[in-house]
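**Q** Supplied in structure tokens, the structure appears directly below.
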Amino acid sequence: MRIVIATPTARPALTGNATTAERWARGLRARGHEATVLAAPAEWCAADFERALHGLALPREGSGPLDVVHLLHAWKCGRFVDEARRRAKRVVVSFAGTDLDPLLDAERRATVRRACERADALVVPGADISVAAPFLEGIATPAFSVPKGVLLGDGAFDLRRGSQQVFFVLPAGVREVKRPRLPIRPLERLRAEGLAIRYVVLGPELEAEESRALAREFESRPWCSRLEAPPEAMPAALRAADVVLNVSRVEGFANVLAEALAASCCVLAADIPGNRAALGSSGVLFSDEADFEKKARALALDPERRRSLGAAARQDARARFDPEREIDALLVAFSKR
């Protein structure tokens, strides 16, 4: 099949969408399909998308028209559903984390719903399709659960730089929905108790306002920092953390949580549907800021428990995050009528 995966961001961007698109494309190519990743940034209009897709859809020697356009974000790329339908035999729409945000405004919700109604199939990442249930009510388009796969890079990254502090690491781009400022005050209180804690946000600045706010918070706190690691070095960075965090307000099924589990990390994550699905029986969930502080304290004080949680996470990840099974399920969504 000739497949185009349209995504809001593509490599080398350090985002979950870029990671997913690259992993899917590699897996599909390994199965003999022609898979192309098309970055469709926020500033594009419908005409921009159609021009880009037109160039990719032109038949070449030995190939026909596009078989599938996969819009990897029901809100950010779903707005191009009509252009995709004109260029491909089949259009598939994926839910991403912010598609599931209950705080989406009415216009964005309408975009998501229209994309779902106009698509030939829907993909919900992870094993639990119920996370998308509020958005699927009354929609006849068939929805497919696609289990998460993990491909870990082998690049090097010196996260700790010789420090023996307890590293709490949030691997996320700086966006309001990721709540990167939430851990600061609870961890600061733990430092006041005498715990040697360091907080690192590991990801790019994606939203200017939130990035400025985070920088102001970090300015007077030398124990806080923001770093970036190339995609192939993320596993090394995660393994160097003592506790990997996810404190998002909403998530679909975060790639980085699956990667953290596969990398034997101890994970402390917000108790939200996407994170519950991602962690399964691994990791620790927190309900609010006070609960975060309580559980962060317990983990900071207990290195043996951190190691035990990391070992259990790795075993769980081996059973759950098979990239071959992910591609199998994806191909069902691409072909099943």
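Residue names in the structure tokens use chain letters A, B, ... in the order shown, residue numbers from 1 in each chain, and ligand numbers from 1 in the order shown.
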Residues at most 8 Å from Leu309 (chain A), counting only C-alpha atoms, excluding those fewer than 5 positions away in the same chain, as a list in words?
**A**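 The contact residues come out as Ser264, Cys265, Cys266, Val267, Ser282 and Gly283 of chain A.
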**Q** For a quick check of understanding, using only C-alpha atoms, which of A:Arg179, A:Glu34, A:Ala278, A:Leu227 has the smallest distance to Leu66 (chain A)?
**A** A:Glu34
**Q** So that I can see what lies close to region 317-329 of chain A, please list as a list in words the residues with an atom at most 9 Å from it, counting only C-alpha atoms and leaving out residues fewer than 5 positions away in the same chain.
**A** Arg23, Trp24, Gly27, Leu28, Arg31, Phe144, Ser145, Val146, Pro147, Lys148, Gly149, Val150, Leu151, Ala258, Glu259, Leu261, Ala262, Ala263, Ser264, Ser282, Ala312 and Phe334 of chain A
**Q** Hey, can you spit out that residue selection with N, CA and C atoms as an mmCIF file, in the first residue's frame?
**A**
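Here's the written file part.cif:
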```
data_model
loop_
_atom_site.group_PDB
_atom_site.id
_atom_site.type_symbol
_atom_site.label_atom_id
_atom_site.label_comp_id
_atom_site.auth_asym_id
_atom_site.auth_seq_id
_atom_site.Cartn_x
_atom_site.Cartn_y
_atom_site.Cartn_z
ATOM 1 N N ARG A 23 7.784 5.851 14.104
ATOM 2 C CA ARG A 23 7.728 4.418 14.437
ATOM 3 C C ARG A 23 6.772 3.689 13.504
ATOM 4 N N TRP A 24 5.611 4.274 13.239
ATOM 5 C CA TRP A 24 4.667 3.646 12.321
ATOM 6 C C TRP A 24 5.254 3.529 10.917
ATOM 7 N N GLY A 27 7.824 0.768 10.762
ATOM 8 C CA GLY A 27 7.201 -0.549 10.841
ATOM 9 C C GLY A 27 6.476 -0.926 9.560
ATOM 10 N N LEU A 28 5.804 0.021 8.951
ATOM 11 C CA LEU A 28 5.088 -0.240 7.701
ATOM 12 C C LEU A 28 6.054 -0.517 6.557
ATOM 13 N N ARG A 31 7.300 -3.947 6.480
ATOM 14 C CA ARG A 31 6.310 -4.908 5.972
ATOM 15 C C ARG A 31 6.138 -4.794 4.451
ATOM 16 N N PHE A 144 -10.844 1.443 16.047
ATOM 17 C CA PHE A 144 -9.935 0.329 16.293
ATOM 18 C C PHE A 144 -8.931 0.714 17.373
ATOM 19 N N SER A 145 -8.747 -0.175 18.321
ATOM 20 C CA SER A 145 -7.705 0.006 19.323
ATOM 21 C C SER A 145 -6.390 -0.503 18.748
ATOM 22 N N VAL A 146 -5.364 0.334 18.807
ATOM 23 C CA VAL A 146 -4.035 -0.053 18.319
ATOM 24 C C VAL A 146 -3.077 -0.043 19.501
ATOM 25 N N PRO A 147 -2.622 -1.212 19.946
ATOM 26 C CA PRO A 147 -1.725 -1.251 21.103
ATOM 27 C C PRO A 147 -0.433 -0.497 20.827
ATOM 28 N N LYS A 148 0.112 0.086 21.863
ATOM 29 C CA LYS A 148 1.330 0.893 21.723
ATOM 30 C C LYS A 148 2.545 -0.009 21.522
ATOM 31 N N GLY A 149 3.423 0.411 20.627
ATOM 32 C CA GLY A 149 4.708 -0.243 20.458
ATOM 33 C C GLY A 149 5.816 0.678 20.946
ATOM 34 N N VAL A 150 6.983 0.110 21.188
ATOM 35 C CA VAL A 150 8.124 0.892 21.644
ATOM 36 C C VAL A 150 9.368 0.488 20.859
ATOM 37 N N LEU A 151 10.072 1.480 20.345
ATOM 38 C CA LEU A 151 11.396 1.281 19.753
ATOM 39 C C LEU A 151 12.353 2.201 20.498
ATOM 40 N N ALA A 258 5.365 4.664 27.824
ATOM 41 C CA ALA A 258 5.712 3.320 27.352
ATOM 42 C C ALA A 258 7.230 3.163 27.268
ATOM 43 N N GLU A 259 7.914 4.206 26.776
ATOM 44 C CA GLU A 259 9.374 4.160 26.671
ATOM 45 C C GLU A 259 10.016 4.087 28.053
ATOM 46 N N LEU A 261 8.723 2.810 30.831
ATOM 47 C CA LEU A 261 8.539 1.471 31.374
ATOM 48 C C LEU A 261 9.509 0.490 30.731
ATOM 49 N N ALA A 262 9.654 0.581 29.397
ATOM 50 C CA ALA A 262 10.570 -0.319 28.695
ATOM 51 C C ALA A 262 12.019 -0.092 29.105
ATOM 52 N N ALA A 263 12.322 1.138 29.555
ATOM 53 C CA ALA A 263 13.681 1.472 29.983
ATOM 54 C C ALA A 263 13.901 1.225 31.468
ATOM 55 N N SER A 264 13.000 0.491 32.104
ATOM 56 C CA SER A 264 13.124 0.097 33.520
ATOM 57 C C SER A 264 13.058 1.277 34.476
ATOM 58 N N SER A 282 1.971 -1.126 36.446
ATOM 59 C CA SER A 282 3.296 -0.586 36.770
ATOM 60 C C SER A 282 3.189 0.868 37.209
ATOM 61 N N ALA A 312 9.940 -4.235 37.560
ATOM 62 C CA ALA A 312 8.600 -4.714 37.229
ATOM 63 C C ALA A 312 8.075 -4.033 35.970
ATOM 64 N N PHE A 334 -6.345 0.013 8.548
ATOM 65 C CA PHE A 334 -6.135 0.527 7.197
ATOM 66 C C PHE A 334 -6.926 -0.233 6.146
#
```
**Q** Quick one: distance from CA of Leu182 (chain A) to CA of Asp101 (chain A) in Å, one decimal?
**A**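 Taking CA of Leu182 (chain A) and CA of Asp101 (chain A), their separation equals 18.1 Å.
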**Q** Skip Leu268 (chain A) itself and residues of its chain fewer than 3 positions away, then list as a list in words all residues within 6 Å of it, counting only C-alpha atoms.
**A** Leu245, Val284 and Leu285 of chain A
**Q** Separation of CA of Asp67 (chain A) and CA of Ile3 (chain A), in Å?
**A**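 Taking CA of Asp67 (chain A) as the start and CA of Ile3 (chain A) as the end point, the length is 6.0 Å.
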**Q** For Arg276 (chain A), which of A:Leu301, A:Val332, A:Ala143, A:Val250 is the closest residue, counting only C-alpha atoms?
**A**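 Selected residue with least distance to Arg276 (chain A): A:Val250.
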**Q** Please indicate the distance in Å from CA of Thr15 (chain A) to CA of Val93 (chain A), rounded to one decimal place.
**A**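 It comes out at 18.4 Å.
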**Q** Restricting the calculation to only C-alpha atoms: of A:Val69, A:Tyr199, A:Arg109, A:Gly155, which residue gets closest to Ala233 (chain A)?
**A**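 The closest residue to Ala233 (chain A) is A:Gly155.
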**Q** Mind checking which residues fall within 12 Å of Val169 (chain A), counting only C-alpha atoms, ignoring those fewer than 3 positions away in the same chain, and posting them as JSON, numbers by chain?
**A** {"A": [159, 160, 165, 166, 172, 180, 183, 184, 187, 197, 198, 199, 200, 201, 202, 203, 223, 224, 225, 226, 227, 228, 234, 237, 238, 239, 240, 241, 242, 243, 244, 245, 246, 247, 256, 257, 260, 265, 266, 267, 268, 269, 296]}
